[in-house]
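Data first, discussion second: the structure below is written as structure tokens.
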Amino acid sequence: MAHVLGIDIGGTGIKAAPVDTETGQLTAERQKIQTPHPATPGAVMDVAARLVQDFSWTGPVGLTFPGVVVDGVVHTAANVDHGWIGVDAAKAFEAATKLTAIVLNDADAAGAAEMRFGAGKGVSGTVLLLTFGTGIGSALFTDGVLVPNTEFGHIEIRGKDAEKRASELAREEHDLSWEAWAERVDEYLAHMEALLSPGLIIIGGGISRKSDKFVPRLTGLRARLVPATLLNDAGIVGAALAADAASATLHL
């Protein structure tokens, strides 16, 4: 039984819990700390180190990041401080925690967890996971294989990044009713379906726990549309899975 600490870094909160990577279950109560503002590398490292200490953790750690991450290096940072761009986040977290760390895109992590344990388990063809929170994250799979760092929340709709109109944060900032917000999400999903023709769309992120308020209002899609099974824990689980896989590779 492999237990790995997963840390999910978002624009609003940073969540962590140890995960049984064979079952996808959290093995201790999830801890959450508000994301520092500004969310500079140093400030976020401090929070990650504190969460590691809170769990008295000594093993590998997987971390998600809300942006493009290639080989541990951050390339975009739309919803955190731009000082992250160019940072080797994996090495920085290892220095901050004194532990082996792997860093990947947050939606990719959530998608991997849903494909392994949740709504995407056993589903072939094209699967699109979209996380609605501070922004819109995306994870694209074809026959179970991830196409990393898609960042479809930044496609342009009506002259703006899609996430500026249709994220959960946009709903809150503009005080939109569920009906009005669902219309924006519907428009966004129609764009994504036209681009990708997925067979399944999974709705994740913080809003997934309220899926009954808006999913029934989404209409006109050919794709099957379902909420994430792991809800807002998917990023934590996916981060742990990535670190577990990396650790296994190192020990081959």
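By order in the structure tokens, chains are A, B, ...; within a chain, residues start at 1; ligands start at 1, following the order shown.
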
**Study point:** Backbone DSSP call of alpha helix (DSSP H) for segment 149-206 of chain A, listed as a ChimeraX atom specification
**Key:** /A:162-166,168-173,178-196

List the neighbours of segment 103-110 of chain A out to 6 Å using only C-alpha atoms; skip same-chain residues closer than 6 positions along the sequence, and give me the result as a PDB file with N, CA and C atoms, in the first residue's frame.
```pdb
ATOM      1  N   LEU A  63       2.608  17.756  -6.096  1.00  0.00           N
ATOM      2  CA  LEU A  63       2.001  19.081  -6.005  1.00  0.00           C
ATOM      3  C   LEU A  63       1.421  19.478  -7.354  1.00  0.00           C
ATOM      4  N   THR A  64       0.261  20.108  -7.318  1.00  0.00           N
ATOM      5  CA  THR A  64      -0.309  20.666  -8.538  1.00  0.00           C
ATOM      6  C   THR A  64      -0.003  22.155  -8.593  1.00  0.00           C
ATOM      7  N   PHE A  65      -0.079  22.698  -9.812  1.00  0.00           N
ATOM      8  CA  PHE A  65       0.138  24.143  -9.999  1.00  0.00           C
ATOM      9  C   PHE A  65      -0.852  24.650 -11.042  1.00  0.00           C
ATOM     10  N   PRO A  66      -1.460  25.836 -10.810  1.00  0.00           N
ATOM     11  CA  PRO A  66      -2.453  26.358 -11.748  1.00  0.00           C
ATOM     12  C   PRO A  66      -1.806  27.065 -12.946  1.00  0.00           C
ATOM     13  N   GLY A  67      -1.183  26.282 -13.803  1.00  0.00           N
ATOM     14  CA  GLY A  67      -0.534  26.824 -14.989  1.00  0.00           C
ATOM     15  C   GLY A  67       0.181  25.724 -15.735  1.00  0.00           C
ATOM     16  N   VAL A  68       0.813  26.085 -16.833  1.00  0.00           N
ATOM     17  CA  VAL A  68       1.558  25.114 -17.625  1.00  0.00           C
ATOM     18  C   VAL A  68       2.840  24.743 -16.878  1.00  0.00           C
ATOM     19  N   VAL A  69       3.069  23.435 -16.720  1.00  0.00           N
ATOM     20  CA  VAL A  69       4.279  22.925 -16.064  1.00  0.00           C
ATOM     21  C   VAL A  69       4.899  21.879 -16.987  1.00  0.00           C
ATOM     22  N   GLY A  72       8.626  20.024 -14.543  1.00  0.00           N
ATOM     23  CA  GLY A  72       8.750  20.697 -13.255  1.00  0.00           C
ATOM     24  C   GLY A  72       8.900  22.198 -13.323  1.00  0.00           C
ATOM     25  N   ALA A  90       9.582  22.101  -9.091  1.00  0.00           N
ATOM     26  CA  ALA A  90       9.886  20.825  -8.440  1.00  0.00           C
ATOM     27  C   ALA A  90      11.122  20.960  -7.555  1.00  0.00           C
ATOM     28  N   GLY A 137      -9.680  25.191 -15.563  1.00  0.00           N
ATOM     29  CA  GLY A 137      -8.608  24.288 -15.949  1.00  0.00           C
ATOM     30  C   GLY A 137      -9.144  23.211 -16.866  1.00  0.00           C
ATOM     31  N   SER A 138      -8.247  22.584 -17.623  1.00  0.00           N
ATOM     32  CA  SER A 138      -8.693  21.553 -18.557  1.00  0.00           C
ATOM     33  C   SER A 138      -7.705  20.404 -18.593  1.00  0.00           C
ATOM     34  N   ALA A 139      -8.238  19.203 -18.798  1.00  0.00           N
ATOM     35  CA  ALA A 139      -7.409  18.013 -19.000  1.00  0.00           C
ATOM     36  C   ALA A 139      -8.057  17.188 -20.098  1.00  0.00           C
ATOM     37  N   ALA A 234      -9.990  15.754  -6.286  1.00  0.00           N
ATOM     38  CA  ALA A 234      -9.348  15.106  -7.429  1.00  0.00           C
ATOM     39  C   ALA A 234      -7.917  15.589  -7.629  1.00  0.00           C
ATOM     40  N   GLY A 235      -7.668  16.882  -7.416  1.00  0.00           N
ATOM     41  CA  GLY A 235      -6.312  17.412  -7.598  1.00  0.00           C
ATOM     42  C   GLY A 235      -5.325  16.816  -6.608  1.00  0.00           C
ATOM     43  N   GLY A 238      -4.701  13.201  -7.735  1.00  0.00           N
ATOM     44  CA  GLY A 238      -3.875  13.159  -8.934  1.00  0.00           C
ATOM     45  C   GLY A 238      -2.432  13.539  -8.672  1.00  0.00           C
ATOM     46  N   ALA A 239      -2.218  14.500  -7.772  1.00  0.00           N
ATOM     47  CA  ALA A 239      -0.852  14.886  -7.409  1.00  0.00           C
ATOM     48  C   ALA A 239      -0.128  13.713  -6.764  1.00  0.00           C
TER      49      ALA A 239
END
```

**Study point:** Given only C-alpha atoms as the counted atoms, nearest of A:Met45, A:Ile136, A:Leu230, A:Leu5 to Leu169 of chain A
**Key:** A:Ile136

**Study point:** Distance query segment 157-160 of chain A at most 12 Å, only C-alpha atoms, self and fewer than 6 positions along chain excluded, as a count of residues only
**Key:** 10

**Study point:** Residue among A:Gly135, A:Pro148, A:Gly153, A:Gly122 lying closest to Gly11 of chain A, counting only C-alpha atoms
**Key:** A:Gly135

Review point. How far is it from atom CA of Leu225 of chain A to atom CA of Thr134 of chain A, in Å with one decimal?
Key: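 These two atoms are separated by 21.1 Å.
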
Practice item. Please run DSSP on the backbone and report, as a list of chain:residue names, all residues within segment 84-134 of chain A that come out as strand (DSSP E or B). Key: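 Filtering segment 84-134 of chain A down to strand (DSSP E or B) leaves A:Asp88, A:Ala101, A:Ile102, A:Val103, A:Leu104, A:Asn105, A:Thr126, A:Val127, A:Leu128, A:Leu129, A:Leu130, A:Thr131, A:Phe132.
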
Show me, as a PDB file with N, CA and C atoms, in the first residue's frame, the residues that have an atom within 7 Å of Phe141 of chain A when counting only C-alpha atoms, minus same-chain residues fewer than 5 positions from it.
```pdb
ATOM      1  N   THR A 126     -12.389  10.174 -26.530  1.00  0.00           N
ATOM      2  CA  THR A 126     -11.944  11.491 -26.067  1.00  0.00           C
ATOM      3  C   THR A 126     -12.733  11.903 -24.831  1.00  0.00           C
ATOM      4  N   VAL A 127     -12.009  12.185 -23.760  1.00  0.00           N
ATOM      5  CA  VAL A 127     -12.609  12.633 -22.501  1.00  0.00           C
ATOM      6  C   VAL A 127     -12.025  13.992 -22.147  1.00  0.00           C
ATOM      7  N   LEU A 128     -12.867  14.936 -21.807  1.00  0.00           N
ATOM      8  CA  LEU A 128     -12.435  16.284 -21.419  1.00  0.00           C
ATOM      9  C   LEU A 128     -12.889  16.563 -19.999  1.00  0.00           C
ATOM     10  N   LEU A 146      -3.164  11.125 -21.468  1.00  0.00           N
ATOM     11  CA  LEU A 146      -3.264  12.570 -21.250  1.00  0.00           C
ATOM     12  C   LEU A 146      -2.517  13.363 -22.317  1.00  0.00           C
ATOM     13  N   VAL A 147      -3.165  14.426 -22.798  1.00  0.00           N
ATOM     14  CA  VAL A 147      -2.489  15.459 -23.588  1.00  0.00           C
ATOM     15  C   VAL A 147      -2.235  16.613 -22.619  1.00  0.00           C
TER      16      VAL A 147
END
```

Check your understanding: How far is it from atom CA of Gly133 of chain A to atom CA of Gly10 of chain A, in Å with one decimal?
Key ->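 Here the two named atoms are 8.5 Å from each other.
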